[in-house]
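Trainee: Structure: input-v2.txt, compact mmCIF, C-alpha atoms and all ligand atoms.
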```
# COMPACT_ATOMS: atom_id res chain seq x y z
CA MET T 1 33.21 49.77 1.81
CA LYS T 2 31.28 47.07 -0.04
CA LEU T 3 32.30 44.12 -2.14
CA LEU T 4 30.14 43.79 -5.24
CA THR T 5 30.06 40.33 -6.77
CA ALA T 6 28.47 40.60 -10.18
CA ILE T 7 27.61 37.64 -12.41
CA ILE T 8 27.21 38.74 -16.02
CA LYS T 9 26.92 37.42 -19.54
CA PRO T 10 30.46 37.19 -20.94
CA PHE T 11 29.76 39.31 -24.04
CA ARG T 12 28.74 42.28 -21.86
CA LEU T 13 32.21 42.56 -20.31
CA ASP T 14 33.59 45.41 -22.41
CA ASP T 15 30.52 47.57 -21.83
CA VAL T 16 30.52 46.82 -18.11
CA LYS T 17 34.23 47.62 -17.81
CA ASN T 18 33.80 50.89 -19.68
CA ALA T 19 30.80 51.89 -17.59
CA LEU T 20 32.70 51.19 -14.38
CA GLN T 21 35.73 53.16 -15.53
CA LEU T 22 33.49 56.09 -16.48
CA SER T 23 32.08 55.90 -12.94
CA GLY T 24 35.55 56.27 -11.48
CA ILE T 25 35.96 52.66 -10.32
CA GLU T 26 39.67 51.90 -10.48
CA GLY T 27 39.94 48.15 -10.23
CA MET T 28 38.18 44.84 -10.64
CA THR T 29 38.88 41.13 -10.74
CA LEU T 30 37.12 38.63 -12.93
CA ALA T 31 36.93 34.91 -13.38
CA GLU T 32 35.17 32.61 -15.79
CA VAL T 33 32.50 30.61 -14.03
CA LYS T 34 29.41 28.60 -14.80
CA GLY T 35 26.04 29.01 -13.21
CA PHE T 36 22.29 28.87 -13.49
CA GLY T 37 19.41 30.92 -12.22
CA ARG T 38 15.75 30.29 -11.66
CA GLN T 39 14.83 28.99 -15.14
CA ASN T 40 15.85 25.48 -14.29
CA GLY T 41 14.53 23.29 -17.10
CA HIS T 42 14.04 26.17 -19.53
CA THR T 43 16.34 27.40 -22.27
CA GLU T 44 18.62 30.39 -22.62
CA ILE T 45 20.43 31.84 -25.65
CA TYR T 46 24.26 31.80 -25.52
CA ARG T 47 26.18 33.01 -28.60
CA GLY T 48 23.13 32.60 -30.78
CA ASN T 49 22.44 29.02 -29.75
CA GLU T 50 19.71 27.86 -27.43
CA TYR T 51 20.80 25.82 -24.42
CA ARG T 52 18.97 24.10 -21.65
CA VAL T 53 19.74 26.14 -18.56
CA ASP T 54 22.30 23.97 -16.84
CA PHE T 55 25.54 25.69 -15.86
CA LEU T 56 25.99 28.23 -18.63
CA PRO T 57 29.28 30.18 -18.95
CA LYS T 58 29.22 33.45 -17.03
CA LEU T 59 31.78 35.95 -15.79
CA ILE T 60 32.05 36.79 -12.12
CA LEU T 61 33.34 40.27 -11.33
CA TYR T 62 34.64 41.28 -7.93
CA ILE T 63 34.54 45.03 -7.40
CA ALA T 64 35.46 46.63 -4.08
CA VAL T 65 33.98 50.11 -3.80
CA LYS T 66 33.87 53.04 -1.39
CA ASP T 67 30.56 53.53 0.39
CA GLU T 68 29.77 56.63 -1.65
CA SER T 69 30.34 54.74 -4.93
CA VAL T 70 28.11 51.73 -4.23
CA ASP T 71 24.94 53.00 -5.90
CA THR T 72 26.84 54.37 -8.91
CA ALA T 73 28.70 51.10 -9.41
CA ILE T 74 25.56 48.98 -9.14
CA LYS T 75 23.81 51.23 -11.68
CA ALA T 76 26.80 51.09 -14.04
CA VAL T 77 27.03 47.30 -13.94
CA SER T 78 23.33 46.62 -14.17
CA GLU T 79 22.66 49.04 -17.02
CA ALA T 80 25.70 47.91 -19.02
CA ALA T 81 25.06 44.18 -18.47
CA ARG T 82 21.32 44.28 -19.17
CA THR T 83 19.95 42.79 -22.38
CA GLY T 84 16.44 42.37 -21.02
CA LYS T 85 16.56 38.63 -21.61
CA ILE T 86 16.70 35.91 -18.99
CA GLY T 87 20.13 35.12 -17.61
CA ASP T 88 21.39 38.72 -17.50
CA GLY T 89 22.88 38.03 -14.08
CA LYS T 90 22.87 39.24 -10.52
CA ILE T 91 24.82 41.55 -8.27
CA PHE T 92 25.49 40.54 -4.68
CA VAL T 93 26.48 43.24 -2.20
CA GLN T 94 28.49 42.43 0.92
CA PRO T 95 30.05 44.57 3.63
CA LEU T 96 33.82 44.88 3.21
CA GLU T 97 35.80 45.33 6.38
CA ASN T 98 39.08 46.58 4.94
CA ALA T 99 41.25 46.77 1.85
CA VAL T 100 45.04 46.94 1.87
CA ARG T 101 47.37 48.07 -0.89
CA ILE T 102 50.23 45.59 -0.60
CA ARG T 103 52.92 47.87 -2.06
CA THR T 104 52.49 50.56 0.57
CA SER T 105 50.55 48.81 3.38
CA GLU T 106 47.95 51.60 3.26
CA GLY T 107 44.46 50.48 4.23
CA GLY T 108 40.89 51.75 4.16
CA GLN T 109 38.68 53.46 1.60
CA GLY T 110 41.59 55.47 0.22
CA VAL T 111 43.06 52.46 -1.58
CA LEU T 112 39.87 51.92 -3.61
N1 LIG H 1 20.85 32.61 -6.00
C1 LIG H 1 21.99 32.61 -6.68
N2 LIG H 1 23.15 32.33 -6.06
C2 LIG H 1 24.31 32.34 -6.72
N3 LIG H 1 24.43 32.63 -8.01
C3 LIG H 1 23.31 32.93 -8.68
C4 LIG H 1 22.04 32.94 -8.05
N4 LIG H 1 21.11 33.29 -8.98
C5 LIG H 1 21.79 33.50 -10.11
N5 LIG H 1 23.10 33.27 -9.94
C6 LIG H 1 24.16 33.38 -10.92
O1 LIG H 1 23.79 34.38 -11.85
C7 LIG H 1 23.72 33.85 -13.15
C8 LIG H 1 22.60 34.52 -13.90
O2 LIG H 1 21.41 34.36 -13.16
P1 LIG H 1 20.05 34.79 -13.85
O3 LIG H 1 20.24 36.13 -14.46
O4 LIG H 1 19.58 33.69 -14.75
O5 LIG H 1 19.10 34.92 -12.56
P2 LIG H 1 17.53 34.76 -12.53
O6 LIG H 1 17.13 35.00 -11.12
O7 LIG H 1 17.18 33.46 -13.16
O8 LIG H 1 17.02 36.00 -13.39
P3 LIG H 1 16.32 35.97 -14.85
O9 LIG H 1 14.89 35.59 -14.62
O10 LIG H 1 16.48 37.36 -15.38
O11 LIG H 1 17.06 34.95 -15.68
C9 LIG H 1 23.54 32.36 -12.95
O12 LIG H 1 24.01 31.64 -14.06
C10 LIG H 1 24.37 32.12 -11.71
O13 LIG H 1 25.74 32.05 -12.06
MG MG H 2 17.69 33.04 -15.11
```
What would you get if you wrote out this structure as structure tokens?

Mentor:
Amino acid sequence: MKLLTAIIKPFRLDDVKNALQLSGIEGMTLAEVKGFGRQNGHTEIYRGNEYRVDFLPKLILYIAVKDESVDTAIKAVSEAARTGKIGDGKIFVQPLENAVRIRTSEGGQGVL
């Protein structure tokens, strides 16, 4: 299992969610965050306005996936989130030791 942490532009959320659902991913968590990438001192467009890149609003998505779904999920997120402009985001991939469904106490890949 892997934990994907994806940082995306907020307006791409619906497309990313749909792409993940079409890929068979059955859960995700998101939070509103702020961040910046490597264009420190340059500008980025957010909702039609140009901002100096200094902690722009982003969404962070946490998606736990089975090993066999990792590549599909990364492709779904990256293709759906991509505009081709700077600030499109990043996906971090980490090993995930276990996952537990609280209602039933089941664990392992089967709960994802
Ligand atoms: N090294 C990093 N560590 C943690 N978060 C990061 C890192 N790089 C980017 N992020 C997060 O991802 C968001 C989008 O990053 P961004 O897409 O601008 O990366 P980039 O490397 O500058 O790529 P690009 O050149 O396409 O803009 C940032 O606002 C920040 O929240
Ligand atoms: Mg950037």

Trainee: Name all residues at most 8 Å from segment 71-84 of chain T (count all atoms listed in the file; drop same-chain ones fewer than 2 positions away) and give them as a ChimeraX atom specification.

Mentor: /T:4,6,8-9,12-13,15-16,19-20,23,25,65,68-69,86,88-89,91

Trainee: Which of these residues is nearest to Leu56 of chain T, using all atoms listed in the file: T:Gly37, T:Gly27, T:Pro95, T:Gly107?

Mentor: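 Selected residue with least distance to Leu56 of chain T: T:Gly37.
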
Trainee: Around ligand MG 2 (chain H), out to 10 Å and counting all atoms listed in the file, which residues are there? I want them as a list in words.

Mentor: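 Within the 10 Å cut-off, the matching residues are Gly35, Phe36, Gly37, Arg38, Gln39, Asn40, His42, Thr43, Glu44, Val53, Lys85, Ile86, Gly87, Asp88, Gly89 and Lys90 of chain T.
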
Trainee: To one decimal place in Å, what is the distance between atom N1 of ligand LIG 1 (chain H) and atom CA of Met1 of chain T?

Mentor: 22.5 Å

Trainee: Return the single residue from T:Arg103, T:Lys34, T:Arg47, T:Lys17 that is closest to ligand LIG 1 (chain H), with distances computed using all atoms listed in the file.

Mentor: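 Smallest distance to ligand LIG 1 (chain H) is found for T:Lys34.
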
Trainee: Atom CA of Phe55 of chain T and atom O10 of ligand LIG 1 (chain H), how far apart in Å?

Mentor: 14.8 Å

Trainee: Give the answer as one residue: which of T:Asn98, T:Phe11, T:Lys2, T:Ser105 has the shortest atom-to-atom distance to Tyr46 of chain T, using all atoms listed in the file?

Mentor: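 Distance minimum relative to Tyr46 of chain T lands on T:Phe11.
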
Trainee: Reconstruct N, CA, C and O atoms of segment 39-51 of chain T from the incomplete input and present them as a PDB file, in the frame of the given file.

Mentor:
```
ATOM      1  N   GLN T  39      15.539  29.662 -14.041  1.00  0.00           N
ATOM      2  CA  GLN T  39      14.830  28.990 -15.140  1.00  0.00           C
ATOM      3  C   GLN T  39      15.284  27.557 -15.295  1.00  0.00           C
ATOM      4  O   GLN T  39      15.560  27.092 -16.393  1.00  0.00           O
ATOM      5  N   ASN T  40      15.416  26.868 -14.210  1.00  0.00           N
ATOM      6  CA  ASN T  40      15.850  25.480 -14.290  1.00  0.00           C
ATOM      7  C   ASN T  40      14.870  24.705 -15.172  1.00  0.00           C
ATOM      8  O   ASN T  40      13.681  24.716 -14.933  1.00  0.00           O
ATOM      9  N   GLY T  41      15.399  24.050 -16.227  1.00  0.00           N
ATOM     10  CA  GLY T  41      14.530  23.290 -17.100  1.00  0.00           C
ATOM     11  C   GLY T  41      14.058  24.078 -18.308  1.00  0.00           C
ATOM     12  O   GLY T  41      13.416  23.526 -19.187  1.00  0.00           O
ATOM     13  N   HIS T  42      14.386  25.382 -18.352  1.00  0.00           N
ATOM     14  CA  HIS T  42      14.040  26.170 -19.530  1.00  0.00           C
ATOM     15  C   HIS T  42      15.309  26.392 -20.347  1.00  0.00           C
ATOM     16  O   HIS T  42      16.377  25.890 -20.022  1.00  0.00           O
ATOM     17  N   THR T  43      15.179  27.185 -21.406  1.00  0.00           N
ATOM     18  CA  THR T  43      16.340  27.400 -22.270  1.00  0.00           C
ATOM     19  C   THR T  43      16.776  28.851 -22.238  1.00  0.00           C
ATOM     20  O   THR T  43      16.020  29.742 -21.889  1.00  0.00           O
ATOM     21  N   GLU T  44      18.037  29.053 -22.611  1.00  0.00           N
ATOM     22  CA  GLU T  44      18.620  30.390 -22.620  1.00  0.00           C
ATOM     23  C   GLU T  44      19.512  30.465 -23.858  1.00  0.00           C
ATOM     24  O   GLU T  44      20.114  29.476 -24.270  1.00  0.00           O
ATOM     25  N   ILE T  45      19.589  31.664 -24.463  1.00  0.00           N
ATOM     26  CA  ILE T  45      20.430  31.840 -25.650  1.00  0.00           C
ATOM     27  C   ILE T  45      21.854  32.188 -25.226  1.00  0.00           C
ATOM     28  O   ILE T  45      22.051  33.104 -24.432  1.00  0.00           O
ATOM     29  N   TYR T  46      22.850  31.468 -25.745  1.00  0.00           N
ATOM     30  CA  TYR T  46      24.260  31.800 -25.520  1.00  0.00           C
ATOM     31  C   TYR T  46      24.957  31.753 -26.864  1.00  0.00           C
ATOM     32  O   TYR T  46      24.945  30.725 -27.548  1.00  0.00           O
ATOM     33  N   ARG T  47      25.523  32.889 -27.291  1.00  0.00           N
ATOM     34  CA  ARG T  47      26.180  33.010 -28.600  1.00  0.00           C
ATOM     35  C   ARG T  47      25.297  32.504 -29.729  1.00  0.00           C
ATOM     36  O   ARG T  47      25.724  31.734 -30.593  1.00  0.00           O
ATOM     37  N   GLY T  48      24.042  32.913 -29.688  1.00  0.00           N
ATOM     38  CA  GLY T  48      23.130  32.600 -30.780  1.00  0.00           C
ATOM     39  C   GLY T  48      22.524  31.209 -30.735  1.00  0.00           C
ATOM     40  O   GLY T  48      21.624  30.898 -31.513  1.00  0.00           O
ATOM     41  N   ASN T  49      22.996  30.369 -29.860  1.00  0.00           N
ATOM     42  CA  ASN T  49      22.440  29.020 -29.750  1.00  0.00           C
ATOM     43  C   ASN T  49      21.592  28.904 -28.486  1.00  0.00           C
ATOM     44  O   ASN T  49      21.867  29.572 -27.493  1.00  0.00           O
ATOM     45  N   GLU T  50      20.617  28.032 -28.561  1.00  0.00           N
ATOM     46  CA  GLU T  50      19.710  27.860 -27.430  1.00  0.00           C
ATOM     47  C   GLU T  50      20.175  26.663 -26.598  1.00  0.00           C
ATOM     48  O   GLU T  50      20.457  25.594 -27.144  1.00  0.00           O
ATOM     49  N   TYR T  51      20.326  26.879 -25.310  1.00  0.00           N
ATOM     50  CA  TYR T  51      20.800  25.820 -24.420  1.00  0.00           C
ATOM     51  C   TYR T  51      19.780  25.580 -23.322  1.00  0.00           C
ATOM     52  O   TYR T  51      19.112  26.517 -22.882  1.00  0.00           O
TER      53      TYR T  51
END
```
